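Enquirer: My structure is stored as model28.txt, with compact mmCIF, C-alpha atoms.
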```
# COMPACT_ATOMS: atom_id res chain seq x y z
CA MET Q 1 12.20 -5.24 -20.49
CA VAL Q 2 14.49 -4.37 -17.56
CA ASN Q 3 17.64 -6.22 -16.51
CA LYS Q 4 17.10 -9.67 -14.99
CA ILE Q 5 14.66 -9.22 -12.08
CA ASN Q 6 14.69 -11.74 -9.24
CA CYS Q 7 12.53 -9.84 -6.75
CA VAL Q 8 9.43 -7.66 -6.97
CA ILE Q 9 8.36 -5.54 -4.01
CA PHE Q 10 4.71 -4.49 -4.00
CA ASP Q 11 2.84 -1.80 -2.16
CA LEU Q 12 -0.44 -3.13 -0.74
CA ASP Q 13 -3.33 -0.63 -0.66
CA GLY Q 14 -4.16 0.62 -4.14
CA THR Q 15 -1.67 -1.78 -5.74
CA LEU Q 16 -2.60 -5.33 -4.76
CA LEU Q 17 -5.86 -4.70 -2.93
CA ASP Q 18 -8.68 -2.22 -3.44
CA THR Q 19 -9.13 -1.39 0.24
CA ILE Q 20 -10.43 2.15 0.01
CA GLU Q 21 -14.09 1.46 0.77
CA ASP Q 22 -13.31 -0.45 3.96
CA ILE Q 23 -10.82 2.23 5.03
CA THR Q 24 -13.44 4.91 4.34
CA ASP Q 25 -16.06 3.02 6.33
CA ALA Q 26 -13.65 2.64 9.25
CA ILE Q 27 -12.65 6.31 9.37
CA ASN Q 28 -16.29 7.34 9.07
CA LEU Q 29 -17.27 5.05 11.95
CA ALA Q 30 -14.54 6.70 14.01
CA TYR Q 31 -15.84 10.14 13.05
CA HIS Q 32 -19.42 9.20 13.87
CA LYS Q 33 -18.31 7.99 17.31
CA ASN Q 34 -16.96 11.49 17.86
CA GLY Q 35 -20.07 13.24 16.55
CA LEU Q 36 -18.39 14.35 13.31
CA ALA Q 37 -19.51 14.20 9.68
CA SER Q 38 -18.29 11.50 7.31
CA TYR Q 39 -15.96 11.64 4.30
CA SER Q 40 -16.39 10.39 0.74
CA VAL Q 41 -14.24 7.63 -0.75
CA LYS Q 42 -12.66 10.17 -3.10
CA GLU Q 43 -11.58 12.34 -0.17
CA VAL Q 44 -10.13 9.45 1.79
CA MET Q 45 -8.02 8.38 -1.21
CA TYR Q 46 -5.81 11.39 -0.51
CA PHE Q 47 -5.52 10.70 3.21
CA VAL Q 48 -4.09 7.19 2.87
CA GLY Q 49 -0.62 5.90 2.02
CA SER Q 50 1.48 7.18 4.90
CA GLY Q 51 0.23 5.15 7.85
CA VAL Q 52 -2.59 5.48 10.36
CA ASP Q 53 -1.27 8.57 12.14
CA LEU Q 54 -1.12 10.62 8.97
CA LEU Q 55 -4.46 9.22 7.79
CA VAL Q 56 -6.08 10.61 10.92
CA GLU Q 57 -4.07 13.84 10.87
CA ARG Q 58 -4.88 14.57 7.23
CA SER Q 59 -8.57 13.90 7.82
CA LEU Q 60 -8.63 16.38 10.69
CA ARG Q 61 -6.64 19.03 8.84
CA ALA Q 62 -8.92 18.73 5.79
CA ARG Q 63 -11.73 20.22 7.87
CA LYS Q 64 -9.53 22.32 10.15
CA LEU Q 65 -10.65 20.26 13.14
CA SER Q 66 -8.83 20.31 16.45
CA MET Q 67 -6.01 17.81 16.92
CA ASP Q 68 -7.59 17.14 20.30
CA TYR Q 69 -9.74 14.63 18.40
CA PHE Q 70 -6.66 12.71 17.26
CA PRO Q 71 -6.34 10.09 20.04
CA SER Q 72 -10.01 9.17 19.96
CA ILE Q 73 -10.27 9.08 16.16
CA LYS Q 74 -7.18 6.89 15.89
CA LYS Q 75 -8.37 4.49 18.58
CA GLU Q 76 -11.84 4.14 17.06
CA TYR Q 77 -10.43 3.80 13.55
CA LEU Q 78 -8.15 0.91 14.52
CA ILE Q 79 -11.05 -0.89 16.20
CA ALA Q 80 -13.40 -0.25 13.29
CA TYR Q 81 -10.91 -1.35 10.64
CA GLN Q 82 -10.30 -4.64 12.43
CA ASN Q 83 -14.03 -5.29 12.12
CA CYS Q 84 -14.60 -4.17 8.53
CA GLN Q 85 -11.36 -4.84 6.64
CA LYS Q 86 -12.85 -7.90 4.88
CA ASN Q 87 -16.21 -6.40 3.92
CA LYS Q 88 -15.56 -4.65 0.61
CA THR Q 89 -11.84 -5.12 0.01
CA LYS Q 90 -10.85 -7.18 -3.03
CA PRO Q 91 -7.77 -7.91 -5.13
CA TYR Q 92 -7.62 -5.86 -8.32
CA PRO Q 93 -8.68 -7.84 -11.42
CA GLY Q 94 -5.75 -9.88 -12.75
CA ILE Q 95 -3.43 -9.21 -9.81
CA VAL Q 96 -3.55 -12.72 -8.29
CA GLU Q 97 -2.92 -14.33 -11.67
CA THR Q 98 0.01 -11.98 -12.27
CA LEU Q 99 1.54 -12.79 -8.89
CA ILE Q 100 1.22 -16.52 -9.53
CA ARG Q 101 2.92 -16.18 -12.92
CA LEU Q 102 5.81 -14.25 -11.35
CA LYS Q 103 6.12 -16.81 -8.58
CA ASP Q 104 6.12 -19.67 -11.11
CA LYS Q 105 9.08 -18.00 -12.84
CA GLY Q 106 11.07 -18.19 -9.60
CA ILE Q 107 10.80 -14.49 -8.77
CA LYS Q 108 10.72 -13.56 -5.09
CA LEU Q 109 7.68 -11.53 -4.06
CA ALA Q 110 7.43 -9.12 -1.13
CA VAL Q 111 4.85 -6.70 0.23
CA ILE Q 112 5.78 -3.50 2.05
CA SER Q 113 2.91 -1.47 3.47
CA ASN Q 114 2.47 1.50 5.78
CA LYS Q 115 -0.61 -0.29 7.11
CA PRO Q 116 -0.01 -1.75 10.62
CA GLN Q 117 1.73 -5.13 10.55
CA ILE Q 118 -1.23 -7.01 12.02
CA ASP Q 119 -3.65 -5.62 9.42
CA THR Q 120 -1.17 -6.20 6.59
CA GLU Q 121 -0.74 -9.84 7.56
CA LYS Q 122 -4.47 -10.40 7.99
CA VAL Q 123 -5.53 -9.13 4.57
CA ILE Q 124 -2.65 -10.89 2.80
CA GLU Q 125 -3.58 -14.16 4.48
CA TYR Q 126 -7.26 -13.70 3.65
CA TYR Q 127 -7.07 -12.54 0.03
CA PHE Q 128 -4.05 -14.36 -1.41
CA PRO Q 129 -2.91 -17.99 -1.73
CA GLN Q 130 -0.77 -19.24 1.13
CA GLY Q 131 2.97 -18.99 0.51
CA LEU Q 132 2.64 -16.63 -2.44
CA PHE Q 133 4.77 -13.94 -0.80
CA ASP Q 134 8.28 -14.53 0.48
CA LEU Q 135 8.01 -11.61 2.91
CA VAL Q 136 5.15 -9.44 4.19
CA VAL Q 137 6.11 -6.23 5.97
CA GLY Q 138 3.74 -3.77 7.62
CA ALA Q 139 4.27 -0.78 9.88
CA THR Q 140 5.83 -1.37 13.29
CA LYS Q 141 7.15 0.98 15.94
CA ASP Q 142 10.72 -0.09 15.15
CA THR Q 143 10.80 0.73 11.43
CA PRO Q 144 10.29 4.11 9.75
CA LEU Q 145 7.42 4.36 7.28
CA LYS Q 146 7.81 4.69 3.52
CA PRO Q 147 9.15 6.71 1.75
CA ASN Q 148 12.05 6.13 4.14
CA PRO Q 149 13.94 3.39 2.27
CA GLU Q 150 15.16 1.55 5.37
CA VAL Q 151 12.34 -1.00 5.21
CA VAL Q 152 13.23 -1.70 1.56
CA PHE Q 153 16.89 -2.23 2.46
CA GLN Q 154 15.88 -4.61 5.25
CA THR Q 155 13.62 -6.51 2.88
CA MET Q 156 16.31 -6.92 0.23
CA THR Q 157 18.79 -8.09 2.87
CA LYS Q 158 16.38 -10.74 4.15
CA LEU Q 159 15.61 -11.94 0.63
CA LYS Q 160 19.30 -11.78 -0.38
CA VAL Q 161 18.75 -9.65 -3.48
CA THR Q 162 20.42 -6.50 -4.81
CA ASN Q 163 19.05 -3.20 -6.10
CA GLU Q 164 19.86 -4.21 -9.66
CA GLU Q 165 17.68 -7.33 -9.50
CA THR Q 166 14.77 -5.75 -7.58
CA ILE Q 167 11.88 -3.61 -8.83
CA TYR Q 168 9.20 -1.79 -6.84
CA VAL Q 169 5.50 -1.59 -7.79
CA GLY Q 170 3.10 0.98 -6.32
CA ASP Q 171 0.29 3.42 -7.03
CA SER Q 172 1.29 6.67 -5.32
CA ASP Q 173 3.90 9.40 -4.91
CA ILE Q 174 4.97 7.71 -1.65
CA ASP Q 175 5.78 4.53 -3.56
CA MET Q 176 7.70 6.24 -6.33
CA LYS Q 177 9.68 8.26 -3.77
CA THR Q 178 10.41 5.07 -1.84
CA ALA Q 179 11.81 3.42 -4.96
CA THR Q 180 13.88 6.47 -5.85
CA MET Q 181 15.38 6.73 -2.37
CA ALA Q 182 16.17 3.01 -2.40
CA LYS Q 183 17.74 3.35 -5.88
CA LEU Q 184 15.26 0.92 -7.42
CA LYS Q 185 13.48 0.92 -10.75
CA SER Q 186 9.76 1.49 -10.23
CA ILE Q 187 6.48 0.53 -11.84
CA GLY Q 188 3.57 2.89 -11.26
CA CYS Q 189 0.11 1.34 -11.56
CA THR Q 190 -2.79 3.52 -12.66
CA TRP Q 191 -5.61 1.37 -11.24
CA GLY Q 192 -4.95 2.50 -7.66
CA PHE Q 193 -5.81 5.50 -5.50
CA ARG Q 194 -3.81 8.19 -7.28
CA THR Q 195 -3.33 9.62 -10.78
CA LEU Q 196 -1.06 9.02 -13.75
CA GLU Q 197 0.18 12.59 -13.37
CA GLU Q 198 1.27 11.90 -9.79
CA LEU Q 199 3.19 8.80 -10.85
CA LEU Q 200 4.98 10.59 -13.69
CA LYS Q 201 5.74 13.63 -11.56
CA ASN Q 202 7.44 11.35 -9.05
CA ASN Q 203 9.65 9.64 -11.61
CA ALA Q 204 7.98 6.28 -12.19
CA SER Q 205 10.36 4.24 -14.37
CA TYR Q 206 7.41 2.50 -16.04
CA VAL Q 207 3.64 2.93 -15.92
CA VAL Q 208 1.12 0.10 -16.33
CA ASN Q 209 -2.64 0.15 -16.76
CA ALA Q 210 -3.27 -3.53 -15.97
CA PRO Q 211 -1.45 -6.10 -13.80
CA GLU Q 212 -0.48 -8.35 -16.73
CA GLU Q 213 1.62 -5.49 -18.13
CA ILE Q 214 3.99 -6.02 -15.19
CA ILE Q 215 4.88 -9.41 -16.67
CA LYS Q 216 5.85 -7.82 -19.98
CA ILE Q 217 8.22 -5.39 -18.24
CA ILE Q 218 9.86 -7.93 -15.95
CA CYS Q 219 9.90 -11.07 -18.05
```
What does the file become when written as structure tokens?

Expert:
Amino acid sequence: MVNKINCVIFDLDGTLLDTIEDITDAINLAYHKNGLASYSVKEVMYFVGSGVDLLVERSLRARKLSMDYFPSIKKEYLIAYQNCQKNKTKPYPGIVETLIRLKDKGIKLAVISNKPQIDTEKVIEYYFPQGLFDLVVGATKDTPLKPNPEVVFQTMTKLKVTNEETIYVGDSDIDMKTATMAKLKSIGCTWGFRTLEELLKNNASYVVNAPEEIIKIIC
């Protein structure tokens, strides 16, 4: 168990929600609109995590395609994702129950995602009980994306908590780097989009294989 924790900050995609199939469908729709071949879910897992721009850029670089496609792919992706983000997405088994238990213990809960703010808010509202999270933060033009820790600092300021009483939960190298740069303890979850090796390589303080294990670490 860590020191007394009063706030848990969660990543969204691959941590709270299994969104990868809807993201894959959206990027593939964008590619089809441009006359290009589709990607597998496994491939897209390594494109996500750093915002829409890098999702599109990584997908193009993976096939050495011209960056001239970038504006069109991005535009079509954003449209497509708005239409399909509730088709196959689902909370990971046990995650809602874990969040409710943390909330019942008086712990503040926040979400920080590199997904656009509007999409972050929509899926949180759709898939989780109202009022479960004290703060939901997505990507905006005014805030740098993770792993830049600025968004974490802003979140802790708004929730009036310190580094010592806050812990960060995520599934990728981006998340572990975010926690490290913000000087937070981190929990790496293995049910997401990346591997145990990636979490350990990027200095996860703890690793969990199921959401309920978070309770054991924090409480």

Enquirer: Of the candidates Q:Leu36, Q:Gln154, Q:Lys108, Q:Pro211, which one gets nearest to Ser66 (chain Q) if we count only C-alpha atoms?

Expert: Q:Leu36

Enquirer: Measuring atom to atom with all atoms listed in the file, identify which of Q:Thr195, Q:Gln85, Q:Thr166, Q:Asn148 is nearest to Ile124 (chain Q).

Expert: Q:Gln85

Enquirer: Give the answer as one residue: which of Q:Gly35, Q:Asp11, Q:Gly131, Q:Ile73 has the shortest atom-to-atom distance to Ile100 (chain Q), using only C-alpha atoms?

Expert: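 Closest residue, counting only C-alpha atoms: Q:Gly131.
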
Enquirer: Would you list the residues near (1.5, -4.6, -13.1), meaning any protein, DNA or RNA residue with an atom at most 10 Å from that point in file coordinates, counting only C-alpha atoms, as an NGL selection string?

Expert: :Q and (10 or 15-16 or 94-95 or 98-99 or 169-170 or 187-191 or 206-218)

Enquirer: Find the distance between CA of Arg58 (chain Q) and CA of Ser186 (chain Q) and write it in Å to one decimal.

Expert: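 A separation of 26.3 Å between them.
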
Enquirer: So, counting all atoms listed in the file, which residue among Q:Ser50, Q:Thr157, Q:Ser59, Q:Ser205 is closest to Ser38 (chain Q)?

Expert: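 For Ser38 (chain Q), the nearest of the given residues is Q:Ser59.
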
Enquirer: Counting only C-alpha atoms, what are the residues of region 53-132 of chain Q within 10 Å of region 19-22 of chain Q, and for each of them which pair of atoms is the nearest and at what distance in Å, to one decimal? Sort the table by chain and rising number, as a Markdown table.

Expert:
```
| residue | atom | partner | partner_atom | distance |
| --- | --- | --- | --- | --- |
| Q:Ala80 | CA | Q:Asp22 | CA | 9.3 |
| Q:Tyr81 | CA | Q:Asp22 | CA | 7.2 |
| Q:Gln82 | CA | Q:Asp22 | CA | 9.9 |
| Q:Asn83 | CA | Q:Asp22 | CA | 9.5 |
| Q:Cys84 | CA | Q:Asp22 | CA | 6.0 |
| Q:Gln85 | CA | Q:Asp22 | CA | 5.5 |
| Q:Lys86 | CA | Q:Asp22 | CA | 7.5 |
| Q:Asn87 | CA | Q:Asp22 | CA | 6.6 |
| Q:Lys88 | CA | Q:Asp22 | CA | 5.8 |
| Q:Thr89 | CA | Q:Thr19 | CA | 4.6 |
| Q:Lys90 | CA | Q:Thr19 | CA | 6.9 |
| Q:Pro91 | CA | Q:Thr19 | CA | 8.6 |
| Q:Tyr92 | CA | Q:Thr19 | CA | 9.8 |
| Q:Val123 | CA | Q:Thr19 | CA | 9.6 |
```

Enquirer: Select, from Q:Val137, Q:Asn203, Q:Lys185, Q:Ile27, the residue with the minimum atom-to-atom distance to Glu164 (chain Q), counting all atoms listed in the file.

Expert: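 For Glu164 (chain Q), the nearest of the given residues is Q:Lys185.
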
Enquirer: Near Glu43 (chain Q), counting all atoms listed in the file, which residues have an atom at most 10 Å away, once you skip same-chain residues fewer than 5 positions from it, shown as number ranges by chain?

Expert: Q: 24, 48, 59, 62

Enquirer: Can you write just those residues out, C-alpha atoms, as a PDB file, in the coordinates of the input?

Expert:
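That gives us selection.pdb:
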```pdb
ATOM      1  CA  THR Q  24     -13.440   4.910   4.340  1.00  0.00           C
ATOM      2  CA  VAL Q  48      -4.090   7.190   2.870  1.00  0.00           C
ATOM      3  CA  SER Q  59      -8.570  13.900   7.820  1.00  0.00           C
ATOM      4  CA  ALA Q  62      -8.920  18.730   5.790  1.00  0.00           C
TER       5      ALA Q  62
END
```

Enquirer: In Å, rounded to a single decimal, give me how far CA of Ala110 (chain Q) is from CA of Lys177 (chain Q).

Expert: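 Computed distance, CA of Lys177 (chain Q) to CA of Ala110 (chain Q), equals 17.7 Å.
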
Enquirer: Separation of CA of Asn114 (chain Q) and CA of Arg101 (chain Q), in Å?

Expert: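 We find that CA of Asn114 (chain Q) and CA of Arg101 (chain Q) lie 25.7 Å from each other.
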
Enquirer: For Gly192 (chain Q), which residue out of Q:Ala139, Q:Asp175, Q:Lys146, Q:Pro129 is the nearest one, using only C-alpha atoms?

Expert: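 Among the listed residues, the smallest separation from Gly192 (chain Q) belongs to Q:Asp175.
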